Amino acid sequence: MNTDVLLERRGPLGLVTLNRPKALNALDLGMIRTLHPALEAWARDAEVKAVVIRGAGGRAFCSGGDVRAVALSLGSPAAEGQEPLSRAFFREEYRLNHLIHHYPKPYIALVDGISMGGGLGLSVHGSHRVVTERLMLAMPETAIGLFPDVGGGWFLPRFPGETGTYLGLTGTRCNAADAMWLGYGTQHVTHDRLEAVVEALAAAEWSAGDSREVATRVLSGFATEPGASPLSAHREAIDRCFGKDSLEDILEALRAEGTPWAEETRATLGRMSPTSLKVTLRQLRLCRGRPYDEVVTVEYRLSQHCSALPDFREGIRAVLVDKDNRPKWSPPTLDQVRDTDVEACFAPVADEETVLLR
């Protein structure tokens, strides 16, 4: 039994608790392999009316995928009879996201505390995302030599205006009010009411109408206003600056903006992997308006190509291993990132068709 994921039945609910609190509930391959068959079984079980997922420990819902383990595995041969972790992890994580995206029953994420990267993959694809006042939301992949995956190419362009481009490139952190304004959150509920929410969902009369409407009705009974979104105050400037189709034009627009926010944003972009920035902007423009099932294939290709580049290991070293936050990117500047190298990251890979198998 994998104790990093706790599975239980509470009346008509299938209840998932991510249980790696010391690792901020980061999602590893073993957890993925526990979650996927459980969700499939609950989807088939007529007595299960909805799924609820939450994080243990009080600090995080899920701080992301365990990319540290993936990076540390690179360069070492896989054990006999096993495939490389860089292939298995991303493929199986994306398959899990795909299952959630198409889940036939209400899938309710109680997003309390940190939700980054893979945490969005476990939540944004479901029918309901309950956020609390303790939420810290971000897609920080360009800081570790990757790109905003787990469906980022699908959901980021659906945020208002160019805010998804801004968030995907900069990794800016959002609070609960931002999450509600973006459309990530569906209800705002205070942290101290979450257990009552679970109890109310377990006691609900699920035969009283469409199951998603029942879930919405129960959750709405606990909903409160999160206040004004700080992010929304920058909407016009974000649209002006991040509506460009090249990083160079975005940086020039920020320079012309000349505000403290714009200067801080320029400095943030200057710390990110130049290759990741260019790949991410290409990803977001290419995937805008595409159905999710097409985006999954694009992102799996990117996962295999980008994880093989030196910036991924260097980003993990700088942020998660040595934690000096002083990565040495290769190449080190945007003007040295060739268009052909960016396009190469989108090339087909051998086993991409396996991602959409459920």
# chains A, B, ... in the order shown; residues from 1 in each chain; ligands from 1
$ select_by_dssp --residues "range 67-256 of chain A" --states "alpha helix (DSSP H)" --output "JSON, numbers by chain"
{"A": [67, 68, 69, 70, 71, 72, 73, 85, 86, 87, 88, 89, 90, 91, 92, 93, 94, 95, 96, 97, 98, 99, 100, 101, 118, 119, 120, 121, 152, 153, 154, 155, 163, 164, 165, 166, 167, 168, 169, 170, 176, 177, 178, 179, 180, 181, 182, 194, 195, 196, 197, 198, 199, 200, 201, 202, 203, 211, 212, 213, 214, 215, 216, 217, 218, 219, 220, 235, 236, 237, 238, 239, 240, 241, 242, 247, 248, 249, 250, 251, 252, 253, 254, 255, 256]}
$ write_last_selection --atoms "C-alpha atoms" --output "PDB file, in the first residue's frame"
ATOM      1  CA  VAL A  67      10.780  16.721 -11.054  1.00  0.00           C
ATOM      2  CA  ARG A  68      13.779  16.609  -8.725  1.00  0.00           C
ATOM      3  CA  ALA A  69      13.680  12.816  -8.886  1.00  0.00           C
ATOM      4  CA  VAL A  70      13.345  12.959 -12.666  1.00  0.00           C
ATOM      5  CA  ALA A  71      16.350  15.264 -13.030  1.00  0.00           C
ATOM      6  CA  LEU A  72      18.520  13.197 -10.688  1.00  0.00           C
ATOM      7  CA  SER A  73      17.694  10.061 -12.694  1.00  0.00           C
ATOM      8  CA  LEU A  85      11.890   7.845 -15.210  1.00  0.00           C
ATOM      9  CA  SER A  86      11.872  10.901 -17.484  1.00  0.00           C
ATOM     10  CA  ARG A  87       9.622   8.978 -19.860  1.00  0.00           C
ATOM     11  CA  ALA A  88       7.436   7.096 -17.373  1.00  0.00           C
ATOM     12  CA  PHE A  89       6.814  10.045 -15.042  1.00  0.00           C
ATOM     13  CA  PHE A  90       5.647  12.573 -17.618  1.00  0.00           C
ATOM     14  CA  ARG A  91       3.619  10.076 -19.634  1.00  0.00           C
ATOM     15  CA  GLU A  92       1.800   8.700 -16.593  1.00  0.00           C
ATOM     16  CA  GLU A  93       1.271  12.131 -15.048  1.00  0.00           C
ATOM     17  CA  TYR A  94      -0.260  13.412 -18.279  1.00  0.00           C
ATOM     18  CA  ARG A  95      -2.442  10.300 -18.552  1.00  0.00           C
ATOM     19  CA  LEU A  96      -3.715  11.000 -15.035  1.00  0.00           C
ATOM     20  CA  ASN A  97      -4.457  14.626 -15.952  1.00  0.00           C
ATOM     21  CA  HIS A  98      -6.273  13.392 -19.052  1.00  0.00           C
ATOM     22  CA  LEU A  99      -8.409  11.033 -16.968  1.00  0.00           C
ATOM     23  CA  ILE A 100      -9.348  13.889 -14.622  1.00  0.00           C
ATOM     24  CA  HIS A 101     -10.097  16.209 -17.536  1.00  0.00           C
ATOM     25  CA  GLY A 118       1.503  19.308 -11.019  1.00  0.00           C
ATOM     26  CA  GLY A 119      -0.884  20.548  -8.343  1.00  0.00           C
ATOM     27  CA  LEU A 120      -2.733  22.423 -11.060  1.00  0.00           C
ATOM     28  CA  GLY A 121      -2.765  19.245 -13.109  1.00  0.00           C
ATOM     29  CA  GLY A 152      -0.779  24.650 -19.231  1.00  0.00           C
ATOM     30  CA  GLY A 153      -0.971  25.083 -22.993  1.00  0.00           C
ATOM     31  CA  TRP A 154      -4.715  24.514 -22.680  1.00  0.00           C
ATOM     32  CA  PHE A 155      -5.696  26.381 -19.488  1.00  0.00           C
ATOM     33  CA  THR A 163      -2.588  36.870 -17.983  1.00  0.00           C
ATOM     34  CA  GLY A 164      -1.905  33.221 -18.811  1.00  0.00           C
ATOM     35  CA  THR A 165       1.081  34.236 -20.942  1.00  0.00           C
ATOM     36  CA  TYR A 166       2.328  36.446 -18.123  1.00  0.00           C
ATOM     37  CA  LEU A 167       1.925  33.737 -15.484  1.00  0.00           C
ATOM     38  CA  GLY A 168       3.431  31.018 -17.658  1.00  0.00           C
ATOM     39  CA  LEU A 169       6.533  33.038 -18.493  1.00  0.00           C
ATOM     40  CA  THR A 170       7.184  34.669 -15.116  1.00  0.00           C
ATOM     41  CA  ALA A 176      -7.167  33.136  -3.774  1.00  0.00           C
ATOM     42  CA  ALA A 177      -8.712  36.346  -5.106  1.00  0.00           C
ATOM     43  CA  ASP A 178      -6.481  36.091  -8.181  1.00  0.00           C
ATOM     44  CA  ALA A 179      -7.461  32.447  -8.638  1.00  0.00           C
ATOM     45  CA  MET A 180     -11.151  33.296  -8.573  1.00  0.00           C
ATOM     46  CA  TRP A 181     -10.660  36.182 -11.010  1.00  0.00           C
ATOM     47  CA  LEU A 182      -8.648  33.974 -13.363  1.00  0.00           C
ATOM     48  CA  LEU A 194     -13.128  22.391   4.599  1.00  0.00           C
ATOM     49  CA  GLU A 195     -13.960  19.414   6.792  1.00  0.00           C
ATOM     50  CA  ALA A 196     -17.559  20.635   6.971  1.00  0.00           C
ATOM     51  CA  VAL A 197     -17.548  20.782   3.173  1.00  0.00           C
ATOM     52  CA  VAL A 198     -16.529  17.129   2.979  1.00  0.00           C
ATOM     53  CA  GLU A 199     -19.217  16.168   5.493  1.00  0.00           C
ATOM     54  CA  ALA A 200     -21.865  18.112   3.561  1.00  0.00           C
ATOM     55  CA  LEU A 201     -20.876  16.468   0.283  1.00  0.00           C
ATOM     56  CA  ALA A 202     -21.023  13.045   1.941  1.00  0.00           C
ATOM     57  CA  ALA A 203     -24.512  13.813   3.281  1.00  0.00           C
ATOM     58  CA  SER A 211     -24.523  15.416  -9.929  1.00  0.00           C
ATOM     59  CA  ARG A 212     -22.444  18.448 -10.908  1.00  0.00           C
ATOM     60  CA  GLU A 213     -25.319  20.726 -10.020  1.00  0.00           C
ATOM     61  CA  VAL A 214     -25.635  18.976  -6.660  1.00  0.00           C
ATOM     62  CA  ALA A 215     -21.923  19.511  -5.999  1.00  0.00           C
ATOM     63  CA  THR A 216     -22.159  23.178  -6.999  1.00  0.00           C
ATOM     64  CA  ARG A 217     -25.175  23.701  -4.748  1.00  0.00           C
ATOM     65  CA  VAL A 218     -23.413  22.178  -1.725  1.00  0.00           C
ATOM     66  CA  LEU A 219     -20.192  24.116  -2.277  1.00  0.00           C
ATOM     67  CA  SER A 220     -22.036  27.379  -2.874  1.00  0.00           C
ATOM     68  CA  ARG A 235      -4.633  43.484 -16.550  1.00  0.00           C
ATOM     69  CA  GLU A 236      -4.304  46.329 -19.055  1.00  0.00           C
ATOM     70  CA  ALA A 237      -0.506  46.471 -18.772  1.00  0.00           C
ATOM     71  CA  ILE A 238      -0.262  42.685 -19.019  1.00  0.00           C
ATOM     72  CA  ASP A 239      -2.333  42.708 -22.192  1.00  0.00           C
ATOM     73  CA  ARG A 240      -0.224  45.496 -23.709  1.00  0.00           C
ATOM     74  CA  CYS A 241       3.083  43.837 -22.943  1.00  0.00           C
ATOM     75  CA  PHE A 242       2.401  40.114 -23.157  1.00  0.00           C
ATOM     76  CA  LEU A 247      10.253  37.617 -25.975  1.00  0.00           C
ATOM     77  CA  GLU A 248      12.257  40.495 -27.354  1.00  0.00           C
ATOM     78  CA  ASP A 249       9.064  42.431 -28.124  1.00  0.00           C
ATOM     79  CA  ILE A 250       7.635  41.623 -24.682  1.00  0.00           C
ATOM     80  CA  LEU A 251      10.788  42.946 -23.003  1.00  0.00           C
ATOM     81  CA  GLU A 252      10.740  46.071 -25.140  1.00  0.00           C
ATOM     82  CA  ALA A 253       7.086  46.686 -24.275  1.00  0.00           C
ATOM     83  CA  LEU A 254       7.889  46.309 -20.579  1.00  0.00           C
ATOM     84  CA  ARG A 255      10.784  48.737 -20.966  1.00  0.00           C
ATOM     85  CA  ALA A 256       8.455  51.253 -22.621  1.00  0.00           C
TER      86      ALA A 256
END
$ residues_around --residues "Phe312 in chain A" --least-positions-apart "5" --cutoff "7 Å" --atoms "only C-alpha atoms" --output "MDAnalysis selection string"
chainID A and resid 144:146 306:307
$ atom_distance --atom1 "CA of Gly183 in chain A" --atom2 "CA of Leu135 in chain A"
14.2 Å
$ select_by_dssp --residues "range 32-71 of chain A" --states "strand (DSSP E or B)" --output "VMD selection string"
chain A and resid 50 to 55 60 to 62 65
$ residues_around --residues "range 269-281 of chain A" --least-positions-apart "3" --cutoff "6 Å" --atoms "only C-alpha atoms" --output "PyMOL selection string"
chain A and resi 142-143+145-147+170+266+284+329+333-334+342
$ closest_residue --among "A:Pro160, A:Pro104, A:Gly11, A:Gly185" --to "Arg44 in chain A" --atoms "only C-alpha atoms"
A:Pro104
$ atom_distance --atom1 "CA of Met136 in chain A" --atom2 "CA of Tyr300 in chain A"
26.0 Å
$ residues_around --residues "Thr17 in chain A" --least-positions-apart "6" --cutoff "8 Å" --atoms "only C-alpha atoms" --output "JSON, numbers by chain"
{"A": [5, 6, 7, 53, 54, 55, 56]}
$ residues_around --residues "Phe346 in chain A" --least-positions-apart "4" --cutoff "8 Å" --atoms "only C-alpha atoms" --output "list in words"
Val298, Arg301, Leu302, His305 and Val342 of chain A
$ closest_residue --among "A:Pro157, A:Asp112, A:Ala308, A:Ala228" --to "Pro291 in chain A" --atoms "only C-alpha atoms"
A:Pro157
$ closest_residue --among "A:Thr297, A:Glu47, A:Asp66, A:Asp324" --to "Leu29 in chain A" --atoms "only C-alpha atoms"
A:Asp66
